$ cat my_file11.pdb   # PDB, N, CA and C atoms
ATOM      1  N   MET A1245    -120.086  -1.490 120.002
ATOM      2  CA  MET A1245    -120.992  -2.388 119.342
ATOM      3  C   MET A1245    -120.619  -3.820 119.732
ATOM      4  N   ASP A1246    -121.543  -4.467 120.346
ATOM      5  CA  ASP A1246    -121.271  -5.830 120.766
ATOM      6  C   ASP A1246    -121.719  -6.836 119.705
ATOM      7  N   TRP A1247    -121.537  -8.093 119.972
ATOM      8  CA  TRP A1247    -121.804  -9.113 118.949
ATOM      9  C   TRP A1247    -123.292  -9.301 118.699
ATOM     10  N   TYR A1248    -124.170  -8.899 119.646
ATOM     11  CA  TYR A1248    -125.616  -8.960 119.403
ATOM     12  C   TYR A1248    -126.029  -7.965 118.322
ATOM     13  N   THR A1249    -125.484  -6.823 118.356
ATOM     14  CA  THR A1249    -125.790  -5.802 117.357
ATOM     15  C   THR A1249    -125.292  -6.237 115.986
ATOM     16  N   GLY A1250    -124.096  -6.755 115.946
ATOM     17  CA  GLY A1250    -123.549  -7.247 114.680
ATOM     18  C   GLY A1250    -124.379  -8.389 114.106
ATOM     19  N   LEU A1251    -124.780  -9.309 114.963
ATOM     20  CA  LEU A1251    -125.620 -10.433 114.534
ATOM     21  C   LEU A1251    -126.984  -9.944 114.067
ATOM     22  N   SER A1252    -127.535  -8.963 114.724
ATOM     23  CA  SER A1252    -128.829  -8.392 114.336
ATOM     24  C   SER A1252    -128.740  -7.741 112.965
ATOM     25  N   ILE A1253    -127.676  -6.992 112.722
ATOM     26  CA  ILE A1253    -127.496  -6.329 111.427
ATOM     27  C   ILE A1253    -127.351  -7.366 110.322
ATOM     28  N   VAL A1254    -126.584  -8.411 110.577
ATOM     29  CA  VAL A1254    -126.409  -9.478 109.579
ATOM     30  C   VAL A1254    -127.752 -10.171 109.310
ATOM     31  N   ALA A1255    -128.535 -10.418 110.347
ATOM     32  CA  ALA A1255    -129.841 -11.069 110.188
ATOM     33  C   ALA A1255    -130.783 -10.188 109.381
ATOM     34  N   ILE A1256    -130.794  -8.879 109.648
ATOM     35  CA  ILE A1256    -131.656  -7.956 108.919
ATOM     36  C   ILE A1256    -131.251  -7.903 107.449
ATOM     37  N   VAL A1257    -129.952  -7.791 107.189
ATOM     38  CA  VAL A1257    -129.459  -7.746 105.803
ATOM     39  C   VAL A1257    -129.793  -9.048 105.088
ATOM     40  N   ALA A1258    -129.635 -10.175 105.771
ATOM     41  CA  ALA A1258    -129.960 -11.467 105.160
ATOM     42  C   ALA A1258    -131.462 -11.559 104.869
ATOM     43  N   GLY A1259    -132.281 -11.086 105.780
ATOM     44  CA  GLY A1259    -133.737 -11.097 105.581
ATOM     45  C   GLY A1259    -134.159 -10.237 104.405
ATOM     46  N   VAL A1260    -133.570  -9.040 104.324
ATOM     47  CA  VAL A1260    -133.883  -8.145 103.213
ATOM     48  C   VAL A1260    -133.428  -8.764 101.895
ATOM     49  N   THR A1261    -132.235  -9.361 101.899
ATOM     50  CA  THR A1261    -131.716 -10.000 100.680
ATOM     51  C   THR A1261    -132.615 -11.149 100.235
ATOM     52  N   ILE A1262    -133.016 -11.973 101.176
ATOM     53  CA  ILE A1262    -133.906 -13.092 100.846
ATOM     54  C   ILE A1262    -135.251 -12.570 100.345
ATOM     55  N   SER A1263    -135.778 -11.532 100.960
ATOM     56  CA  SER A1263    -137.053 -10.954 100.529
ATOM     57  C   SER A1263    -136.963 -10.428  99.096
ATOM     58  N   VAL A1264    -135.863  -9.744  98.787
ATOM     59  CA  VAL A1264    -135.683  -9.208  97.437
ATOM     60  C   VAL A1264    -135.579 -10.346  96.424
ATOM     61  N   VAL A1265    -134.823 -11.390  96.769
ATOM     62  CA  VAL A1265    -134.690 -12.538  95.857
ATOM     63  C   VAL A1265    -136.038 -13.199  95.632
ATOM     64  N   VAL A1266    -136.820 -13.369  96.689
ATOM     65  CA  VAL A1266    -138.148 -13.990  96.569
ATOM     66  C   VAL A1266    -139.060 -13.106  95.723
ATOM     67  N   LEU A1267    -139.044 -11.804  95.940
ATOM     68  CA  LEU A1267    -139.889 -10.903  95.152
ATOM     69  C   LEU A1267    -139.510 -10.937  93.673
ATOM     70  N   VAL A1268    -138.217 -10.969  93.379
ATOM     71  CA  VAL A1268    -137.763 -11.041  91.987
ATOM     72  C   VAL A1268    -138.206 -12.363  91.366
ATOM     73  N   ALA A1269    -138.089 -13.451  92.112
ATOM     74  CA  ALA A1269    -138.496 -14.766  91.600
ATOM     75  C   ALA A1269    -140.002 -14.808  91.346
ATOM     76  N   VAL A1270    -140.775 -14.284  92.273
ATOM     77  CA  VAL A1270    -142.235 -14.267  92.100
ATOM     78  C   VAL A1270    -142.610 -13.401  90.904
ATOM     79  N   GLY A1271    -141.963 -12.257  90.751
ATOM     80  CA  GLY A1271    -142.236 -11.397  89.594
ATOM     81  C   GLY A1271    -141.888 -12.089  88.286
ATOM     82  N   SER A1272    -140.774 -12.798  88.269
ATOM     83  CA  SER A1272    -140.367 -13.519  87.071
ATOM     84  C   SER A1272    -141.363 -14.638  86.740
ATOM     85  N   ILE A1273    -141.793 -15.354  87.747
ATOM     86  CA  ILE A1273    -142.773 -16.431  87.534
ATOM     87  C   ILE A1273    -144.098 -15.845  87.036
ATOM     88  N   ARG A1274    -144.522 -14.757  87.630
ATOM     89  CA  ARG A1274    -145.778 -14.128  87.221
ATOM     90  C   ARG A1274    -145.697 -13.659  85.766
ATOM     91  N   ARG A1275    -144.578 -13.010  85.394
ATOM     92  CA  ARG A1275    -144.405 -12.551  84.025
ATOM     93  C   ARG A1275    -144.406 -13.737  83.054
ATOM     94  N   SER A1276    -143.725 -14.798  83.438
ATOM     95  CA  SER A1276    -143.679 -15.995  82.602
ATOM     96  C   SER A1276    -145.070 -16.594  82.428
ATOM     97  N   LEU A1277    -145.835 -16.645  83.498
ATOM     98  CA  LEU A1277    -147.203 -17.174  83.416
ATOM     99  C   LEU A1277    -148.098 -16.285  82.556
ATOM    100  N   ASN A1278    -147.932 -14.981  82.676
ATOM    101  CA  ASN A1278    -148.727 -14.064  81.852
ATOM    102  C   ASN A1278    -148.401 -14.229  80.371
ATOM    103  N   GLU A1279    -147.119 -14.370  80.067
ATOM    104  CA  GLU A1279    -146.718 -14.580  78.666
ATOM    105  C   GLU A1279    -147.266 -15.894  78.140
ATOM    106  N   ALA A1280    -147.201 -16.941  78.960
ATOM    107  CA  ALA A1280    -147.733 -18.243  78.542
ATOM    108  C   ALA A1280    -149.241 -18.166  78.334
ATOM    109  N   ALA A1281    -149.941 -17.452  79.207
ATOM    110  CA  ALA A1281    -151.393 -17.301  79.068
ATOM    111  C   ALA A1281    -151.727 -16.524  77.799
ATOM    112  N   THR A1282    -150.933 -15.511  77.489
ATOM    113  CA  THR A1282    -151.151 -14.733  76.269
ATOM    114  C   THR A1282    -150.937 -15.598  75.033
ATOM    115  N   ARG A1283    -149.854 -16.375  75.024
ATOM    116  CA  ARG A1283    -149.601 -17.276  73.888
ATOM    117  C   ARG A1283    -150.718 -18.307  73.747
ATOM    118  N   GLN A1284    -151.164 -18.824  74.873
ATOM    119  CA  GLN A1284    -152.224 -19.832  74.832
ATOM    120  C   GLN A1284    -153.522 -19.230  74.311
ATOM    121  N   SER A1285    -153.851 -18.020  74.728
ATOM    122  CA  SER A1285    -155.083 -17.392  74.236
ATOM    123  C   SER A1285    -154.986 -17.097  72.738
ATOM    124  N   GLN A1286    -153.790 -16.731  72.262
ATOM    125  CA  GLN A1286    -153.610 -16.527  70.825
ATOM    126  C   GLN A1286    -153.776 -17.836  70.066
ATOM    127  N   GLN A1287    -153.232 -18.919  70.599
ATOM    128  CA  GLN A1287    -153.388 -20.221  69.952
ATOM    129  C   GLN A1287    -154.850 -20.654  69.940
ATOM    130  N   ILE A1288    -155.548 -20.407  71.035
ATOM    131  CA  ILE A1288    -156.974 -20.749  71.099
ATOM    132  C   ILE A1288    -157.747 -19.935  70.069
ATOM    133  N   ARG A1289    -157.414 -18.663  69.928
ATOM    134  CA  ARG A1289    -158.069 -17.810  68.940
ATOM    135  C   ARG A1289    -157.830 -18.336  67.530
ATOM    136  N   LYS A1290    -156.576 -18.718  67.235
ATOM    137  CA  LYS A1290    -156.252 -19.260  65.913
ATOM    138  C   LYS A1290    -156.995 -20.572  65.670
ATOM    139  N   LEU A1291    -157.038 -21.425  66.684
ATOM    140  CA  LEU A1291    -157.745 -22.691  66.540
ATOM    141  C   LEU A1291    -159.244 -22.468  66.331
ATOM    142  N   THR A1292    -159.793 -21.489  67.015
ATOM    143  CA  THR A1292    -161.213 -21.176  66.834
ATOM    144  C   THR A1292    -161.478 -20.710  65.414
ATOM    145  N   GLU A1293    -160.595 -19.869  64.884
ATOM    146  CA  GLU A1293    -160.741 -19.414  63.497
ATOM    147  C   GLU A1293    -160.619 -20.585  62.525
ATOM    148  N   THR A1294    -159.680 -21.483  62.791
ATOM    149  CA  THR A1294    -159.496 -22.648  61.931
ATOM    150  C   THR A1294    -160.726 -23.546  61.965
ATOM    151  N   VAL A1295    -161.270 -23.767  63.153
ATOM    152  CA  VAL A1295    -162.470 -24.607  63.279
ATOM    153  C   VAL A1295    -163.642 -23.955  62.549
ATOM    154  N   THR A1296    -163.767 -22.643  62.656
ATOM    155  CA  THR A1296    -164.843 -21.932  61.969
ATOM    156  C   THR A1296    -164.692 -22.075  60.460
ATOM    157  N   THR A1297    -163.474 -21.915  59.967
ATOM    158  CA  THR A1297    -163.213 -22.054  58.535
ATOM    159  C   THR A1297    -163.511 -23.465  58.061
ATOM    160  N   LEU A1298    -163.033 -24.447  58.810
ATOM    161  CA  LEU A1298    -163.257 -25.843  58.429
ATOM    162  C   LEU A1298    -164.737 -26.200  58.495
ATOM    163  N   SER A1299    -165.446 -25.646  59.444
ATOM    164  CA  SER A1299    -166.883 -25.898  59.554
ATOM    165  C   SER A1299    -167.620 -25.335  58.343
ATOM    166  N   ALA A1300    -167.239 -24.135  57.932
ATOM    167  CA  ALA A1300    -167.864 -23.533  56.745
ATOM    168  C   ALA A1300    -167.552 -24.356  55.502
ATOM    169  N   GLN A1301    -166.299 -24.814  55.385
ATOM    170  CA  GLN A1301    -165.930 -25.650  54.243
ATOM    171  C   GLN A1301    -166.686 -26.972  54.264
ATOM    172  N   HIS A1302    -166.873 -27.525  55.448
ATOM    173  CA  HIS A1302    -167.612 -28.782  55.579
ATOM    174  C   HIS A1302    -169.061 -28.591  55.151
ATOM    175  N   GLN A1303    -169.673 -27.500  55.570
ATOM    176  CA  GLN A1303    -171.058 -27.234  55.180
ATOM    177  C   GLN A1303    -171.169 -27.041  53.673
ATOM    178  N   ALA A1304    -170.212 -26.327  53.085
ATOM    179  CA  ALA A1304    -170.219 -26.132  51.635
ATOM    180  C   ALA A1304    -170.051 -27.466  50.920
ATOM    181  N   ALA A1305    -169.173 -28.313  51.435
ATOM    182  CA  ALA A1305    -168.965 -29.633  50.830
ATOM    183  C   ALA A1305    -170.225 -30.483  50.950
ATOM    184  N   GLN A1306    -170.884 -30.417  52.094
ATOM    185  CA  GLN A1306    -172.128 -31.176  52.272
ATOM    186  C   GLN A1306    -173.204 -30.696  51.299
ATOM    187  N   ALA A1307    -173.290 -29.383  51.107
ATOM    188  CA  ALA A1307    -174.266 -28.841  50.162
ATOM    189  C   ALA A1307    -173.946 -29.298  48.740
ATOM    190  N   ARG A1308    -172.662 -29.277  48.386
ATOM    191  CA  ARG A1308    -172.249 -29.722  47.043
ATOM    192  C   ARG A1308    -172.524 -31.212  46.853
ATOM    193  N   ILE A1309    -172.276 -32.006  47.878
ATOM    194  CA  ILE A1309    -172.576 -33.442  47.803
ATOM    195  C   ILE A1309    -174.071 -33.645  47.595
ATOM    196  N   GLN A1310    -174.886 -32.869  48.297
ATOM    197  CA  GLN A1310    -176.344 -32.989  48.144
ATOM    198  C   GLN A1310    -176.762 -32.612  46.724
ATOM    199  N   GLN A1311    -176.170 -31.548  46.179
ATOM    200  CA  GLN A1311    -176.478 -31.150  44.803
ATOM    201  C   GLN A1311    -176.086 -32.250  43.822
ATOM    202  N   LEU A1312    -174.905 -32.813  44.011
ATOM    203  CA  LEU A1312    -174.451 -33.875  43.118
ATOM    204  C   LEU A1312    -175.322 -35.123  43.258
ATOM    205  N   THR A1313    -175.757 -35.423  44.464
ATOM    206  CA  THR A1313    -176.644 -36.569  44.677
ATOM    207  C   THR A1313    -177.966 -36.351  43.964
ATOM    208  N   ASP A1314    -178.517 -35.149  44.078
ATOM    209  CA  ASP A1314    -179.777 -34.843  43.389
ATOM    210  C   ASP A1314    -179.612 -34.924  41.875
ATOM    211  N   ALA A1315    -178.494 -34.368  41.376
ATOM    212  CA  ALA A1315    -178.242 -34.424  39.938
ATOM    213  C   ALA A1315    -178.081 -35.866  39.466
ATOM    214  N   ASN A1316    -177.395 -36.683  40.257
ATOM    215  CA  ASN A1316    -177.217 -38.092  39.917
ATOM    216  C   ASN A1316    -178.564 -38.819  39.900
ATOM    217  N   ARG A1317    -179.406 -38.503  40.857
ATOM    218  CA  ARG A1317    -180.745 -39.123  40.915
ATOM    219  C   ARG A1317    -181.559 -38.733  39.680
ATOM    220  N   LYS A1318    -181.502 -37.460  39.296
ATOM    221  CA  LYS A1318    -182.234 -37.008  38.110
ATOM    222  C   LYS A1318    -181.722 -37.706  36.858
ATOM    223  N   LEU A1319    -180.397 -37.793  36.737
ATOM    224  CA  LEU A1319    -179.828 -38.469  35.572
ATOM    225  C   LEU A1319    -180.201 -39.946  35.548
ATOM    226  N   SER A1320    -180.222 -40.585  36.690
ATOM    227  CA  SER A1320    -180.617 -41.991  36.760
ATOM    228  C   SER A1320    -182.078 -42.157  36.347
ATOM    229  N   ASP A1321    -182.922 -41.245  36.819
ATOM    230  CA  ASP A1321    -184.337 -41.299  36.436
ATOM    231  C   ASP A1321    -184.508 -41.099  34.936
ATOM    232  N   GLU A1322    -183.767 -40.126  34.383
ATOM    233  CA  GLU A1322    -183.852 -39.887  32.945
ATOM    234  C   GLU A1322    -183.337 -41.079  32.156
ATOM    235  N   LEU A1323    -182.252 -41.703  32.633
ATOM    236  CA  LEU A1323    -181.706 -42.877  31.955
ATOM    237  C   LEU A1323    -182.681 -44.045  32.023
ATOM    238  N   THR A1324    -183.312 -44.222  33.160
ATOM    239  CA  THR A1324    -184.322 -45.280  33.288
ATOM    240  C   THR A1324    -185.495 -45.032  32.354
ATOM    241  N   ALA A1325    -185.948 -43.776  32.308
ATOM    242  CA  ALA A1325    -187.069 -43.436  31.414
ATOM    243  C   ALA A1325    -186.674 -43.645  29.958
ATOM    244  N   LEU A1326    -185.460 -43.258  29.616
ATOM    245  CA  LEU A1326    -184.987 -43.451  28.246
ATOM    246  C   LEU A1326    -184.902 -44.940  27.908
ATOM    247  N   GLY A1327    -184.405 -45.733  28.838
ATOM    248  CA  GLY A1327    -184.337 -47.181  28.633
ATOM    249  C   GLY A1327    -185.714 -47.783  28.444
ATOM    250  N   GLU A1328    -186.673 -47.311  29.222
ATOM    251  CA  GLU A1328    -188.048 -47.810  29.073
ATOM    252  C   GLU A1328    -188.625 -47.419  27.722
ATOM    253  N   ARG A1329    -188.368 -46.180  27.297
ATOM    254  CA  ARG A1329    -188.880 -45.753  25.981
ATOM    255  C   ARG A1329    -188.240 -46.570  24.863
ATOM    256  N   LEU A1330    -186.936 -46.833  24.998
ATOM    257  CA  LEU A1330    -186.267 -47.627  23.966
ATOM    258  C   LEU A1330    -186.786 -49.060  23.933
ATOM    259  N   SER A1331    -187.024 -49.627  25.106
ATOM    260  CA  SER A1331    -187.535 -50.995  25.119
ATOM    261  C   SER A1331    -188.962 -51.037  24.587
ATOM    262  N   ASP A1332    -189.756 -49.998  24.890
ATOM    263  CA  ASP A1332    -191.115 -49.927  24.341
ATOM    264  C   ASP A1332    -191.064 -49.762  22.827
ATOM    265  N   ALA A1333    -190.164 -48.917  22.343
ATOM    266  CA  ALA A1333    -190.048 -48.700  20.903
ATOM    267  C   ALA A1333    -189.545 -49.964  20.221
ATOM    268  N   ASP A1334    -188.634 -50.665  20.857
ATOM    269  CA  ASP A1334    -188.098 -51.909  20.299
ATOM    270  C   ASP A1334    -189.193 -52.960  20.230
ATOM    271  N   THR A1335    -190.041 -53.019  21.255
ATOM    272  CA  THR A1335    -191.140 -53.979  21.273
ATOM    273  C   THR A1335    -192.132 -53.650  20.163
ATOM    274  N   VAL A1336    -192.418 -52.390  19.967
ATOM    275  CA  VAL A1336    -193.365 -51.990  18.925
ATOM    276  C   VAL A1336    -192.790 -52.338  17.556
ATOM    277  N   GLN A1337    -191.491 -52.113  17.333
ATOM    278  CA  GLN A1337    -190.885 -52.412  16.035
ATOM    279  C   GLN A1337    -190.870 -53.913  15.780
ATOM    280  N   ARG A1338    -190.642 -54.722  16.794
ATOM    281  CA  ARG A1338    -190.629 -56.163  16.580
ATOM    282  C   ARG A1338    -192.015 -56.679  16.264
ATOM    283  N   VAL A1339    -192.993 -56.087  16.898
ATOM    284  CA  VAL A1339    -194.367 -56.472  16.594
ATOM    285  C   VAL A1339    -194.666 -56.111  15.142
ATOM    286  N   ALA A1340    -194.167 -54.991  14.688
ATOM    287  CA  ALA A1340    -194.397 -54.565  13.316
ATOM    288  C   ALA A1340    -193.596 -55.428  12.340
ATOM    289  N   GLY A1341    -192.562 -56.109  12.798
ATOM    290  CA  GLY A1341    -191.828 -57.036  11.948
ATOM    291  C   GLY A1341    -190.517 -56.509  11.430
ATOM    292  N   SER A1342    -190.128 -55.304  11.725
ATOM    293  CA  SER A1342    -188.860 -54.780  11.208
ATOM    294  C   SER A1342    -187.948 -54.470  12.396
ATOM    295  N   ALA A1343    -187.075 -55.376  12.689
ATOM    296  CA  ALA A1343    -186.119 -55.181  13.789
ATOM    297  C   ALA A1343    -184.864 -54.519  13.212
ATOM    298  N   ARG A1344    -184.347 -53.567  13.929
ATOM    299  CA  ARG A1344    -183.149 -52.855  13.485
ATOM    300  C   ARG A1344    -181.956 -53.271  14.310
ATOM    301  N   LEU A1345    -180.830 -53.323  13.664
ATOM    302  CA  LEU A1345    -179.579 -53.576  14.365
ATOM    303  C   LEU A1345    -178.767 -52.290  14.354
ATOM    304  N   LEU A1346    -178.236 -51.968  15.494
ATOM    305  CA  LEU A1346    -177.423 -50.761  15.580
ATOM    306  C   LEU A1346    -175.961 -51.171  15.577
ATOM    307  N   HIS A1347    -175.194 -50.549  14.711
ATOM    308  CA  HIS A1347    -173.763 -50.851  14.634
ATOM    309  C   HIS A1347    -173.000 -49.665  15.105
TER     310      HIS A1347
END
$ encode --input "my_file11.pdb" --output "structure tokens"
Amino acid sequence: MDWYTGLSIVAIVAGVTISVVVLVAVGSIRRSLNEAATRQSQQIRKLTETVTTLSAQHQAAQARIQQLTDANRKLSDELTALGERLSDADTVQRVAGSARLLH
């Protein structure tokens, strides 16, 4: 066996070793990327659920605000009508000559 054969064997072994190291590294990177993609998709799913929940809560809050606004408007109208009736009644009583004081 001459030195060419020995050098060839060393080169082949080195090539195989480098190939195995590269394959292991690529497999590790691929596995890491797959795990990261899985975690990211789970986070996206959770965020989507959170956005859906918050959207439903926002719509419910908007509906409640609208109900309260309508109720406030009705109460304001009733208070205005009551004030008008009281002022009309007060005017009629003063015309009649008997003004009342409320204590």
$ atom_distance --input "my_file11.pdb" --atom1 "atom C of Val1268 of chain A" --atom2 "atom C of Gln1284 of chain A"
23.9 Å
$ atom_distance --input "my_file11.pdb" --atom1 "atom CA of Leu1319 of chain A" --atom2 "atom C of Ala1305 of chain A"
19.8 Å
$ atom_distance --input "my_file11.pdb" --atom1 "atom N of Ile1288 of chain A" --atom2 "atom C of Ala1300 of chain A"
20.0 Å
$ axis_aligned_box --input "my_file11.pdb" --around "segment 1271-1286 of chain A" --padding-each-side "5 Å" --output "JSON"
{"center_x": -147.7, "center_y": -15.6, "center_z": 80.4, "size_x": 24.7, "size_y": 18.4, "size_z": 30.7}
